Amino acid sequence: ATVRHYNFKVVMKNYTKLCSTKAIATVNGKFPGPTLHAREGDNVLVKVINNINYNVTIHWHGIRQLKTGWSDGPAYVAQCPIQPEQSYLYNFTIIGQRGTLFWHAHISWLRATLHGAIVILPKKGTPYPFPHPVKEKVIVLGEWWKADTEAVINQATQSGMPPNVSDSHIINGHTGPVRNCSISTQGTYTLHVEHNKTYLLRIINAAINDEVFFRIAGHKFTVVEVDASYTKPFTTDTIYIAPGQTTNALLKADQSPTGKYLIGMSSFMDAPVAVDNTTTYGLLRYKGGLANSRLVLTTMPPLNATQAQLNFTHALRSLNSRDYPAKVPLDIDHSLFFTMGVGVNPCPTCLNGSKLVGSINNVTFVMPTISLLQAHYYKIKGVFTDDFPGKPLTTFNYTTNFTGSLATVNGTKVYRLPFNATVQVVLQDTSLIAPESHPLHLHGFNFFVVGMGIGNYDDTKDPESFNLVDPVERNTIDVPTGGWTAIRFRADNPGVWFMHCHLEVHTSWGLKMAFLIENGDGPNESIVPPPKDLPKC
Ligand code: C2O
């Protein structure tokens, strides 16, 4: 296999958007950051050099990091941060994965601008299991604040209130046209296509807090892969994509080349929660089309289009072919039930004397000051406890009015699993404050989404409807508003692995936990020793 070397220099750079200029953290001065290209089986070495005044880490979102947890990236979970003027070499091999993933900073809110695509091609000579596209296009979706995003989250943390929502959505760094602005600003994202050719769109939601819909007027998508796992192809005019998710879709440029077609990106939010409800538009244009061609419009689904979210999510099935079988665990060793949502804890220094907190099983995760993985590997006592509850501390019933306390307990707790155990986690949205959809992300694993429903999970009958044949395999899945999602995975990756809501505001509030997977007894069943340049806290 090939060794791929990358240098990621983290530097501040001025960018002008929405008619205002600010300095943002970038990799190599680029926003969105550079695309990392590799093939399945390659060894990837990325030297990250921190030349900004913040601590930095980079996470390779969705890369399984088999036994190489030291290169996973989440600050204080997998590593201590890279301090200013320091560097760290991330070293991992891509095993059994091909498709689209992305990299992003994993500390505070720096991922708002520190992110970019990871494109993993199949091994040389291995074709895609779908018609070969003429060209591939990476589409990175994000959010833009005119304010400094570190200031946005810091202010929210101090007040205990929700952070300000973003000022615009962005498509590959473009906010769309800005009127009456005297400074030059990047305008509209344009996708250039040739008539009757097929393109592979690699769509990434790198937004901080917004689950979104994506459409191209007049055109349909055929989804073929999500989170670097092939799916049964299905055709849709709307892509739903949550932060942390990636979707590969074929696009046939089969409309009249005399038109230009609006591309739309807008939020999904079906809870009474403030959200950026701007729609950002781009354009699809045909080669040889007229300069003043007819504009074809698209209407975006409404903000609260729950059904559009669920339709898309329910249509996903793993390819489950001979070459790419779905290895769903059938016998479960650890059956867990996690409630998750937002609560309120006392906070004497906050605006209302209280602050919003996120929790899983009523535990608000407190970040340690040295990484969990180092504490585990070097057996450092007092950093975490392994008593994360397998079911909620407070029994919860979604369908009746909740009368208990909204308060949660603080703790740095992990759930310990033996090597190779099979695990089922039913994730239940508690809706204590707002019934809100949460894109839950698990590091170190892909999981199978065996079931999903609205209301309370009922363990006497819901398992009967589980799909154990071809459930979609991914690393980030929505727990729907006021509903539940059941996932299964095999704990075949020793180390400490973060699980959290990929809405960064909820992660900041503590909607996170970690699994500790023990080493196995056999050869190659242990985490590798830490690299020499592993940052110190
Ligand atoms: Cu992309 Cu821990 O996240």
# chains A, B, ... in the order shown; residues from 1 in each chain; ligands from 1
>>> closest_atom_pairs(of="stretch 361-436 of chain A", to="stretch 443-448 of chain A", cutoff="10 Å", atoms="only C-alpha atoms", output="CSV")
residue,atom,partner,partner_atom,distance
A:Val423,CA,A:Phe447,CA,9.5
A:Gln424,CA,A:Phe447,CA,9.3
A:Val425,CA,A:Phe447,CA,9.9
>>> residues_near_ligand(ligand="ligand 1", cutoff="8 Å", atoms="only C-alpha atoms and all ligand atoms", output="ChimeraX atom specification")
/A:59-62,74,102-104,106,243-244,441-443,498-500,502
>>> select_by_dssp(residues="stretch 344-458 of chain A", states="alpha helix (DSSP H)", output="list in words")
Leu372, Leu373, Gln374, Ala375, His376 and Tyr377 of chain A
>>> write_last_selection(atoms="N, CA and C atoms", output="PDB file, in the first residue's frame")
ATOM      1  N   LEU A 372      -8.375  10.729  28.251  1.00  0.00           N
ATOM      2  CA  LEU A 372      -8.871   9.460  28.778  1.00  0.00           C
ATOM      3  C   LEU A 372      -8.009   8.306  28.304  1.00  0.00           C
ATOM      4  N   LEU A 373      -7.582   8.379  27.036  1.00  0.00           N
ATOM      5  CA  LEU A 373      -6.802   7.269  26.479  1.00  0.00           C
ATOM      6  C   LEU A 373      -5.448   7.158  27.180  1.00  0.00           C
ATOM      7  N   GLN A 374      -4.803   8.299  27.447  1.00  0.00           N
ATOM      8  CA  GLN A 374      -3.537   8.264  28.188  1.00  0.00           C
ATOM      9  C   GLN A 374      -3.760   7.735  29.606  1.00  0.00           C
ATOM     10  N   ALA A 375      -4.836   8.203  30.242  1.00  0.00           N
ATOM     11  CA  ALA A 375      -5.139   7.759  31.608  1.00  0.00           C
ATOM     12  C   ALA A 375      -5.363   6.246  31.628  1.00  0.00           C
ATOM     13  N   HIS A 376      -6.041   5.741  30.600  1.00  0.00           N
ATOM     14  CA  HIS A 376      -6.310   4.304  30.499  1.00  0.00           C
ATOM     15  C   HIS A 376      -5.006   3.541  30.245  1.00  0.00           C
ATOM     16  N   TYR A 377      -4.232   4.004  29.269  1.00  0.00           N
ATOM     17  CA  TYR A 377      -3.026   3.282  28.853  1.00  0.00           C
ATOM     18  C   TYR A 377      -1.980   3.254  29.969  1.00  0.00           C
TER      19      TYR A 377
END
>>> residues_around(residues="A:Asp462", least_positions_apart="3", cutoff="9 Å", atoms="only C-alpha atoms", output="list in words")
Gly451, Met452, Gly453, Tyr457, Asp458, Asp459, Ser465 and Phe466 of chain A
>>> atom_distance(atom1="atom CA of A:Asn352", atom2="atom CA of A:Ser405")
16.9 Å
>>> residues_around(residues="stretch 149-157 of chain A", least_positions_apart="5", cutoff="10 Å", atoms="only C-alpha atoms", output="compact mmCIF listing (two decimals) with N, CA and C atoms, in the first residue's frame")
# COMPACT_ATOMS: atom_id res chain seq x y z
N ILE A 24 -9.82 33.76 10.52
CA ILE A 24 -10.29 32.43 10.93
C ILE A 24 -9.11 31.47 10.97
N TYR A 54 -4.47 29.18 19.64
CA TYR A 54 -5.35 28.25 20.34
C TYR A 54 -4.72 26.87 20.33
N SER A 108 -13.16 22.65 21.34
CA SER A 108 -14.01 23.83 21.35
C SER A 108 -14.81 23.91 20.04
N TRP A 109 -14.92 25.11 19.45
CA TRP A 109 -15.68 25.25 18.20
C TRP A 109 -14.77 25.50 17.00
N LEU A 110 -13.50 25.11 17.11
CA LEU A 110 -12.58 25.41 16.01
C LEU A 110 -12.96 24.70 14.71
N ARG A 111 -13.75 23.64 14.82
CA ARG A 111 -14.12 22.95 13.59
C ARG A 111 -15.02 23.79 12.68
N ALA A 112 -15.54 24.90 13.20
CA ALA A 112 -16.34 25.80 12.37
C ALA A 112 -15.60 26.15 11.08
N THR A 113 -14.29 26.36 11.19
CA THR A 113 -13.52 26.72 9.98
C THR A 113 -12.40 25.73 9.68
N TRP A 144 -21.59 29.92 8.66
CA TRP A 144 -20.69 31.06 8.83
C TRP A 144 -21.28 32.06 9.82
N PRO A 162 -28.37 29.57 25.15
CA PRO A 162 -27.95 29.05 23.85
C PRO A 162 -27.06 30.06 23.10
N PRO A 163 -26.11 29.58 22.31
CA PRO A 163 -25.27 30.49 21.53
C PRO A 163 -26.05 31.12 20.38
N ASN A 164 -25.54 32.23 19.87
CA ASN A 164 -26.15 32.84 18.68
C ASN A 164 -26.10 31.88 17.51
N VAL A 165 -27.15 31.89 16.70
CA VAL A 165 -27.14 31.02 15.53
C VAL A 165 -26.28 31.66 14.44
N SER A 166 -25.87 30.84 13.47
CA SER A 166 -24.99 31.35 12.41
C SER A 166 -25.72 32.37 11.54
N ILE A 208 -21.72 23.37 12.11
CA ILE A 208 -21.57 23.24 13.55
C ILE A 208 -22.86 22.72 14.18
N CYS A 350 -24.23 32.31 36.24
CA CYS A 350 -24.88 32.46 34.93
C CYS A 350 -26.04 33.47 35.00
N LYS A 355 -27.95 26.98 34.01
CA LYS A 355 -27.38 26.84 32.67
C LYS A 355 -27.94 25.60 31.99
N LEU A 356 -27.97 25.67 30.66
CA LEU A 356 -28.39 24.51 29.89
C LEU A 356 -27.26 23.49 29.88
N VAL A 357 -27.63 22.22 30.05
CA VAL A 357 -26.63 21.15 29.99
C VAL A 357 -27.16 20.04 29.10
N GLU A 504 -22.60 20.79 17.71
CA GLU A 504 -21.49 21.16 18.60
C GLU A 504 -21.99 21.85 19.86
N VAL A 505 -23.11 22.57 19.75
CA VAL A 505 -23.65 23.22 20.94
C VAL A 505 -23.99 22.18 22.01
N SER A 508 -20.80 20.81 23.56
CA SER A 508 -20.29 21.79 24.52
C SER A 508 -21.04 21.70 25.84
N TRP A 509 -22.32 21.39 25.78
CA TRP A 509 -23.14 21.32 27.00
C TRP A 509 -22.97 20.00 27.75
>>> closest_residue(among="A:Thr100, A:Pro127, A:Thr422, A:Thr339", to="A:Leu393", atoms="only C-alpha atoms")
A:Thr339
>>> residues_around(residues="stretch 6-18 of chain A", least_positions_apart="3", cutoff="7 Å", atoms="only C-alpha atoms", output="PyMOL selection string")
chain A and resi 21-29+45-52+178+185-186
>>> atom_distance(atom1="atom CA of A:Glu436", atom2="atom CA of A:Asn361")
16.2 Å
>>> residues_around(residues="A:Val449", least_positions_apart="3", cutoff="8 Å", atoms="only C-alpha atoms", output="PyMOL selection string")
chain A and resi 452+471-474+477+485-488
>>> residues_around(residues="A:Phe214", least_positions_apart="6", cutoff="6 Å", atoms="only C-alpha atoms", output="list in words")
Thr238, Ile239, Gly264 and Met265 of chain A
>>> atom_distance(atom1="atom CA of A:Ala206", atom2="atom CA of A:Leu36")
15.0 Å
>>> closest_residue(among="A:Asp72, A:Val140, A:Val226, A:Asn55", to="A:Thr35", atoms="only C-alpha atoms")
A:Val140
>>> closest_residue(among="A:Gly282, A:Gly116, A:Pro257, A:Gly96", to="A:Thr175", atoms="only C-alpha atoms")
A:Gly282
>>> closest_residue(among="A:Ser318, A:Thr198, A:Thr2, A:Ser184", to="A:Asn467", atoms="only C-alpha atoms")
A:Ser318
>>> closest_residue(among="A:Phe130, A:Phe92, A:Tyr261, A:Phe31", to="A:Val44", atoms="only C-alpha atoms")
A:Phe92
>>> closest_atom_pairs(of="stretch 248-276 of chain A", to="stretch 296-303 of chain A", cutoff="9 Å", atoms="only C-alpha atoms", output="CSV")
residue,atom,partner,partner_atom,distance
A:Gly259,CA,A:Val296,CA,6.5
A:Lys260,CA,A:Val296,CA,6.0
A:Tyr261,CA,A:Val296,CA,4.8
A:Leu262,CA,A:Leu297,CA,5.5
A:Ile263,CA,A:Thr298,CA,7.6
A:Gly264,CA,A:Met300,CA,6.8
A:Met265,CA,A:Met300,CA,7.7
A:Ser266,CA,A:Met300,CA,6.9
A:Ser267,CA,A:Leu303,CA,5.9
A:Phe268,CA,A:Leu303,CA,4.8
A:Met269,CA,A:Leu303,CA,5.5
A:Asp270,CA,A:Leu303,CA,6.8
>>> write_last_selection(atoms="C-alpha atoms", output="PDB file, in the first residue's frame")
ATOM      1  CA  GLY A 259     -31.253  26.477 -18.100  1.00  0.00           C
ATOM      2  CA  LYS A 260     -29.355  27.333 -14.963  1.00  0.00           C
ATOM      3  CA  TYR A 261     -30.536  25.531 -11.873  1.00  0.00           C
ATOM      4  CA  LEU A 262     -30.684  26.681  -8.276  1.00  0.00           C
ATOM      5  CA  ILE A 263     -28.868  24.599  -5.670  1.00  0.00           C
ATOM      6  CA  GLY A 264     -30.412  25.038  -2.209  1.00  0.00           C
ATOM      7  CA  MET A 265     -29.226  24.362   1.330  1.00  0.00           C
ATOM      8  CA  SER A 266     -31.592  25.038   4.247  1.00  0.00           C
ATOM      9  CA  SER A 267     -32.031  23.971   7.872  1.00  0.00           C
ATOM     10  CA  PHE A 268     -34.165  21.239   9.317  1.00  0.00           C
ATOM     11  CA  MET A 269     -35.482  22.003  12.825  1.00  0.00           C
ATOM     12  CA  ASP A 270     -38.792  20.649  14.113  1.00  0.00           C
TER      13      ASP A 270
END
>>> select_by_dssp(residues="stretch 27-116 of chain A", states="strand (DSSP E or B)", output="PyMOL selection string")
chain A and resi 27+30+36-39+43-50+56+58-61+75+79+82+87-93+99-105+115-116
>>> closest_residue(among="A:Met340, A:Ala105, A:Ile380, A:Val366", to="A:Thr430", atoms="only C-alpha atoms")
A:Met340
>>> decode(residues="stretch 110-171 of chain A", atoms="C-alpha atoms", output="mmCIF file, in the first residue's frame")
data_model
loop_
_atom_site.group_PDB
_atom_site.id
_atom_site.type_symbol
_atom_site.label_atom_id
_atom_site.label_comp_id
_atom_site.auth_asym_id
_atom_site.auth_seq_id
_atom_site.Cartn_x
_atom_site.Cartn_y
_atom_site.Cartn_z
ATOM 1 C CA LEU A 110 -12.580 25.411 16.005
ATOM 2 C CA ARG A 111 -14.117 22.949 13.586
ATOM 3 C CA ALA A 112 -16.341 25.799 12.367
ATOM 4 C CA THR A 113 -13.523 26.718 9.981
ATOM 5 C CA LEU A 114 -10.991 23.895 10.404
ATOM 6 C CA HIS A 115 -12.465 21.164 8.241
ATOM 7 C CA GLY A 116 -12.046 19.508 4.847
ATOM 8 C CA ALA A 117 -12.938 16.417 2.834
ATOM 9 C CA ILE A 118 -11.400 12.954 2.994
ATOM 10 C CA VAL A 119 -11.804 11.120 -0.312
ATOM 11 C CA ILE A 120 -10.995 7.416 -0.109
ATOM 12 C CA LEU A 121 -10.931 5.628 -3.453
ATOM 13 C CA PRO A 122 -11.313 1.846 -3.649
ATOM 14 C CA LYS A 123 -8.151 -0.224 -3.958
ATOM 15 C CA LYS A 124 -6.503 0.055 -7.380
ATOM 16 C CA GLY A 125 -8.392 -2.058 -9.882
ATOM 17 C CA THR A 126 -11.517 -2.338 -7.734
ATOM 18 C CA PRO A 127 -14.471 -0.623 -9.434
ATOM 19 C CA TYR A 128 -17.303 1.202 -7.716
ATOM 20 C CA PRO A 129 -20.403 -0.973 -7.324
ATOM 21 C CA PHE A 130 -22.320 1.613 -9.399
ATOM 22 C CA PRO A 131 -21.908 3.157 -12.871
ATOM 23 C CA HIS A 132 -18.599 4.965 -13.078
ATOM 24 C CA PRO A 133 -19.082 8.762 -13.021
ATOM 25 C CA VAL A 134 -17.170 10.985 -15.463
ATOM 26 C CA LYS A 135 -16.176 13.340 -12.685
ATOM 27 C CA GLU A 136 -16.339 13.681 -8.933
ATOM 28 C CA LYS A 137 -17.177 16.868 -7.058
ATOM 29 C CA VAL A 138 -16.676 17.502 -3.359
ATOM 30 C CA ILE A 139 -19.402 19.654 -1.775
ATOM 31 C CA VAL A 140 -18.674 20.810 1.760
ATOM 32 C CA LEU A 141 -21.652 22.341 3.567
ATOM 33 C CA GLY A 142 -21.035 24.623 6.526
ATOM 34 C CA GLU A 143 -22.165 27.576 8.575
ATOM 35 C CA TRP A 144 -20.689 31.059 8.827
ATOM 36 C CA TRP A 145 -20.812 33.511 11.700
ATOM 37 C CA LYS A 146 -19.735 37.117 11.179
ATOM 38 C CA ALA A 147 -18.519 36.996 14.781
ATOM 39 C CA ASP A 148 -15.560 34.951 15.938
ATOM 40 C CA THR A 149 -16.936 31.472 16.675
ATOM 41 C CA GLU A 150 -14.770 30.990 19.777
ATOM 42 C CA ALA A 151 -16.321 34.176 21.178
ATOM 43 C CA VAL A 152 -19.803 32.847 20.313
ATOM 44 C CA ILE A 153 -19.397 29.640 22.324
ATOM 45 C CA ASN A 154 -17.484 31.282 25.172
ATOM 46 C CA GLN A 155 -20.200 33.859 25.646
ATOM 47 C CA ALA A 156 -22.860 31.114 25.632
ATOM 48 C CA THR A 157 -20.937 29.074 28.195
ATOM 49 C CA GLN A 158 -20.657 32.059 30.530
ATOM 50 C CA SER A 159 -24.318 33.021 30.252
ATOM 51 C CA GLY A 160 -25.680 29.476 30.394
ATOM 52 C CA MET A 161 -27.911 30.381 27.437
ATOM 53 C CA PRO A 162 -27.947 29.052 23.847
ATOM 54 C CA PRO A 163 -25.268 30.491 21.527
ATOM 55 C CA ASN A 164 -26.155 32.844 18.685
ATOM 56 C CA VAL A 165 -27.144 31.023 15.525
ATOM 57 C CA SER A 166 -24.990 31.349 12.412
ATOM 58 C CA ASP A 167 -25.520 34.202 9.943
ATOM 59 C CA SER A 168 -25.485 32.065 6.816
ATOM 60 C CA HIS A 169 -25.097 28.587 5.462
ATOM 61 C CA ILE A 170 -22.197 28.045 3.081
ATOM 62 C CA ILE A 171 -21.586 25.732 0.148
#
